[in-house]
Amino acid sequence: MATDEHNMAGIDPNRIIVGLDIGSSKIGVFIGELDDNNKVCIRGLGINQLKKGDANELEATITALTKAVDDAEKLSGVDVKEVYVGIAGSNIRSVASQATIPLREYGGVVTKDVMKRVVEQASQLVQRPVDMDIIHVLPGDYILDEREGIKNPQGMEGNSLSVEVQLVLAQKGIVRNIQKAVEGAGLTVKCLVLEPLA
């Protein structure tokens, strides 16, 4: 999967995003570059079909993934090292949770740290099945005292801060198998992303 150095000229690796979709019938790799307006321009893609049943076999998935990555690299001139992997299907669950923290120990002021702590606390309150991993924690609106619907309470003052979060869970076995396939192709999973969000 190496790429000639001259092909990488002018490409800022920090602006490259590689998306991977492992489906039941095909694997798609998409290489994009963020422009100055933070829009993604597609630089390359590779799609490789899977034979029936191949998606359930690790070696077949690794082979198809390696070929799709090679094709995308040749089109884009980008040497792929890490990927954002889309995940979807019946193994995904969503759970809501809410937490509240008093602001007195923070001087009554909402800071980024306070916002982070209340989200973490809401995440920890969820009784999730042992066979599930959290892949996303999606904060909703904040509540400052009795004021609801606050998108960003940073800098505001009050007595307590609450937040509702949505946790997206995936079966550990599915997550581990995706990681094994990606690592088997010589890549790193940068992040798992729920496909509707992606």
# chains A, B, ... in the order shown; residues from 1 in each chain; ligands from 1
>>> residues_around(residues="range 150-167 of chain A", least_positions_apart="5", cutoff="6 Å", atoms="only C-alpha atoms", output="list of chain:residue names")
A:Ser94, A:Val95, A:Ala96, A:Ser97, A:Gln98, A:Ala99, A:Thr100, A:Ile101, A:Pro102, A:Leu103, A:Gly108, A:Val109, A:Val110, A:Thr111, A:His136, A:Val137, A:Leu138, A:Pro139, A:Gly140, A:Asp141, A:Tyr142, A:Ile143, A:Leu144, A:Asp145
>>> write_last_selection(atoms="N, CA and C atoms", output="mmCIF file, in the first residue's frame")
data_model
loop_
_atom_site.group_PDB
_atom_site.id
_atom_site.type_symbol
_atom_site.label_atom_id
_atom_site.label_comp_id
_atom_site.auth_asym_id
_atom_site.auth_seq_id
_atom_site.Cartn_x
_atom_site.Cartn_y
_atom_site.Cartn_z
ATOM 1 N N SER A 94 -29.417 2.180 21.115
ATOM 2 C CA SER A 94 -29.308 3.552 21.604
ATOM 3 C C SER A 94 -29.997 3.635 22.966
ATOM 4 N N VAL A 95 -29.319 4.273 23.927
ATOM 5 C CA VAL A 95 -29.846 4.384 25.293
ATOM 6 C C VAL A 95 -29.721 5.835 25.744
ATOM 7 N N ALA A 96 -30.781 6.352 26.373
ATOM 8 C CA ALA A 96 -30.763 7.725 26.881
ATOM 9 C C ALA A 96 -30.387 7.732 28.359
ATOM 10 N N SER A 97 -29.725 8.799 28.773
ATOM 11 C CA SER A 97 -29.357 8.954 30.173
ATOM 12 C C SER A 97 -29.302 10.446 30.507
ATOM 13 N N GLN A 98 -29.426 10.744 31.788
ATOM 14 C CA GLN A 98 -29.370 12.141 32.230
ATOM 15 C C GLN A 98 -28.603 12.219 33.542
ATOM 16 N N ALA A 99 -27.870 13.307 33.730
ATOM 17 C CA ALA A 99 -27.141 13.531 34.984
ATOM 18 C C ALA A 99 -27.181 15.015 35.324
ATOM 19 N N THR A 100 -27.004 15.292 36.599
ATOM 20 C CA THR A 100 -26.969 16.668 37.106
ATOM 21 C C THR A 100 -25.783 16.807 38.048
ATOM 22 N N ILE A 101 -25.053 17.903 37.942
ATOM 23 C CA ILE A 101 -23.989 18.174 38.917
ATOM 24 C C ILE A 101 -24.181 19.570 39.504
ATOM 25 N N PRO A 102 -23.893 19.715 40.820
ATOM 26 C CA PRO A 102 -23.973 21.041 41.434
ATOM 27 C C PRO A 102 -22.788 21.887 40.985
ATOM 28 N N LEU A 103 -23.017 23.187 40.873
ATOM 29 C CA LEU A 103 -21.965 24.082 40.388
ATOM 30 C C LEU A 103 -21.210 24.799 41.502
ATOM 31 N N GLY A 108 -19.919 28.293 40.740
ATOM 32 C CA GLY A 108 -21.215 28.638 40.153
ATOM 33 C C GLY A 108 -21.157 28.937 38.662
ATOM 34 N N VAL A 109 -19.997 28.694 38.030
ATOM 35 C CA VAL A 109 -19.828 29.038 36.611
ATOM 36 C C VAL A 109 -19.635 27.759 35.791
ATOM 37 N N VAL A 110 -20.297 27.694 34.653
ATOM 38 C CA VAL A 110 -20.169 26.546 33.756
ATOM 39 C C VAL A 110 -18.912 26.714 32.897
ATOM 40 N N THR A 111 -17.998 25.756 33.014
ATOM 41 C CA THR A 111 -16.787 25.747 32.187
ATOM 42 C C THR A 111 -16.836 24.533 31.257
ATOM 43 N N HIS A 136 -20.499 5.907 20.798
ATOM 44 C CA HIS A 136 -20.753 7.352 20.753
ATOM 45 C C HIS A 136 -21.438 7.792 22.040
ATOM 46 N N VAL A 137 -21.080 8.968 22.499
ATOM 47 C CA VAL A 137 -21.819 9.653 23.561
ATOM 48 C C VAL A 137 -22.250 10.980 22.950
ATOM 49 N N LEU A 138 -23.549 11.143 22.736
ATOM 50 C CA LEU A 138 -24.067 12.317 22.037
ATOM 51 C C LEU A 138 -24.844 13.205 23.005
ATOM 52 N N PRO A 139 -24.210 14.292 23.465
ATOM 53 C CA PRO A 139 -24.923 15.189 24.385
ATOM 54 C C PRO A 139 -26.058 15.911 23.669
ATOM 55 N N GLY A 140 -27.160 16.052 24.389
ATOM 56 C CA GLY A 140 -28.275 16.843 23.878
ATOM 57 C C GLY A 140 -28.209 18.240 24.469
ATOM 58 N N ASP A 141 -29.376 18.821 24.718
ATOM 59 C CA ASP A 141 -29.426 20.151 25.319
ATOM 60 C C ASP A 141 -29.068 20.076 26.800
ATOM 61 N N TYR A 142 -28.539 21.183 27.298
ATOM 62 C CA TYR A 142 -28.214 21.311 28.720
ATOM 63 C C TYR A 142 -29.356 22.027 29.424
ATOM 64 N N ILE A 143 -29.438 21.794 30.723
ATOM 65 C CA ILE A 143 -30.411 22.486 31.574
ATOM 66 C C ILE A 143 -29.626 23.157 32.684
ATOM 67 N N LEU A 144 -29.743 24.463 32.792
ATOM 68 C CA LEU A 144 -29.068 25.220 33.845
ATOM 69 C C LEU A 144 -30.146 25.697 34.810
ATOM 70 N N ASP A 145 -30.133 25.124 36.023
ATOM 71 C CA ASP A 145 -31.211 25.340 36.983
ATOM 72 C C ASP A 145 -32.541 24.954 36.310
#
>>> residues_around(residues="Gly86 in chain A", least_positions_apart="2", cutoff="6 Å", atoms="only C-alpha atoms", output="compact mmCIF listing (two decimals) with N, CA and C atoms, in the first residue's frame")
# COMPACT_ATOMS: atom_id res chain seq x y z
N ASP A 21 -16.39 1.38 4.76
CA ASP A 21 -17.70 0.78 4.94
C ASP A 21 -17.58 -0.71 4.64
N LEU A 192 -14.82 4.48 15.29
CA LEU A 192 -16.03 3.86 14.75
C LEU A 192 -17.12 4.92 14.70
N VAL A 193 -17.84 4.99 13.60
CA VAL A 193 -18.85 6.04 13.43
C VAL A 193 -20.16 5.38 13.03
N LEU A 194 -21.23 5.70 13.75
CA LEU A 194 -22.55 5.22 13.37
C LEU A 194 -22.87 5.74 11.98
N GLU A 195 -23.23 4.88 11.06
CA GLU A 195 -23.35 5.28 9.65
C GLU A 195 -24.35 6.41 9.41
>>> residues_around(residues="range 127-132 of chain A", least_positions_apart="4", cutoff="8 Å", atoms="only C-alpha atoms", output="PyMOL selection string")
chain A and resi 169-173
>>> closest_residue(among="A:Thr66, A:Glu82, A:Ala60, A:Arg117", to="Val189 in chain A", atoms="only C-alpha atoms")
A:Glu82
>>> select_by_dssp(residues="range 16-194 of chain A", states="helix (DSSP H, G or I)", output="NGL selection string")
:A and (54-56 or 58-76 or 104-106 or 112-124 or 172-184)
>>> residues_around(residues="Gly186 in chain A", least_positions_apart="5", cutoff="10 Å", atoms="only C-alpha atoms", output="PyMOL selection string")
chain A and resi 1+62+66+80-82+180-181
>>> residues_around(residues="Glu59 in chain A", least_positions_apart="6", cutoff="12 Å", atoms="only C-alpha atoms", output="PyMOL selection string")
chain A and resi 50+53+65-66+177-178+180-185
>>> atom_distance(atom1="CA of Tyr106 in chain A", atom2="CA of Glu146 in chain A")
18.5 Å
>>> residues_around(residues="Gln49 in chain A", least_positions_apart="6", cutoff="12 Å", atoms="only C-alpha atoms", output="list in words")
Asp21, Ile22, Gly23, Ser24, Ser25, Lys26, Ile27, Gly28, Val29, Ala55, Ala60, Thr61, Thr63, Ala64, Leu65, Lys67 and Ala68 of chain A
>>> closest_residue(among="A:Ala72, A:Val85, A:Ala122, A:Val18", to="Cys191 in chain A", atoms="only C-alpha atoms")
A:Val85
>>> closest_residue(among="A:Asn91, A:Asn14, A:Gln124, A:Gln179", to="Glu33 in chain A", atoms="only C-alpha atoms")
A:Asn14
>>> closest_residue(among="A:Arg147, A:Asp12, A:Leu125, A:Gly107", to="Asp36 in chain A", atoms="only C-alpha atoms")
A:Asp12
>>> select_by_dssp(residues="chain A", states="strand (DSSP E)", output="PyMOL selection string")
chain A and resi 16-22+26-34+40-49+82-87+92-102+132-144+147-150+160-171+188-194
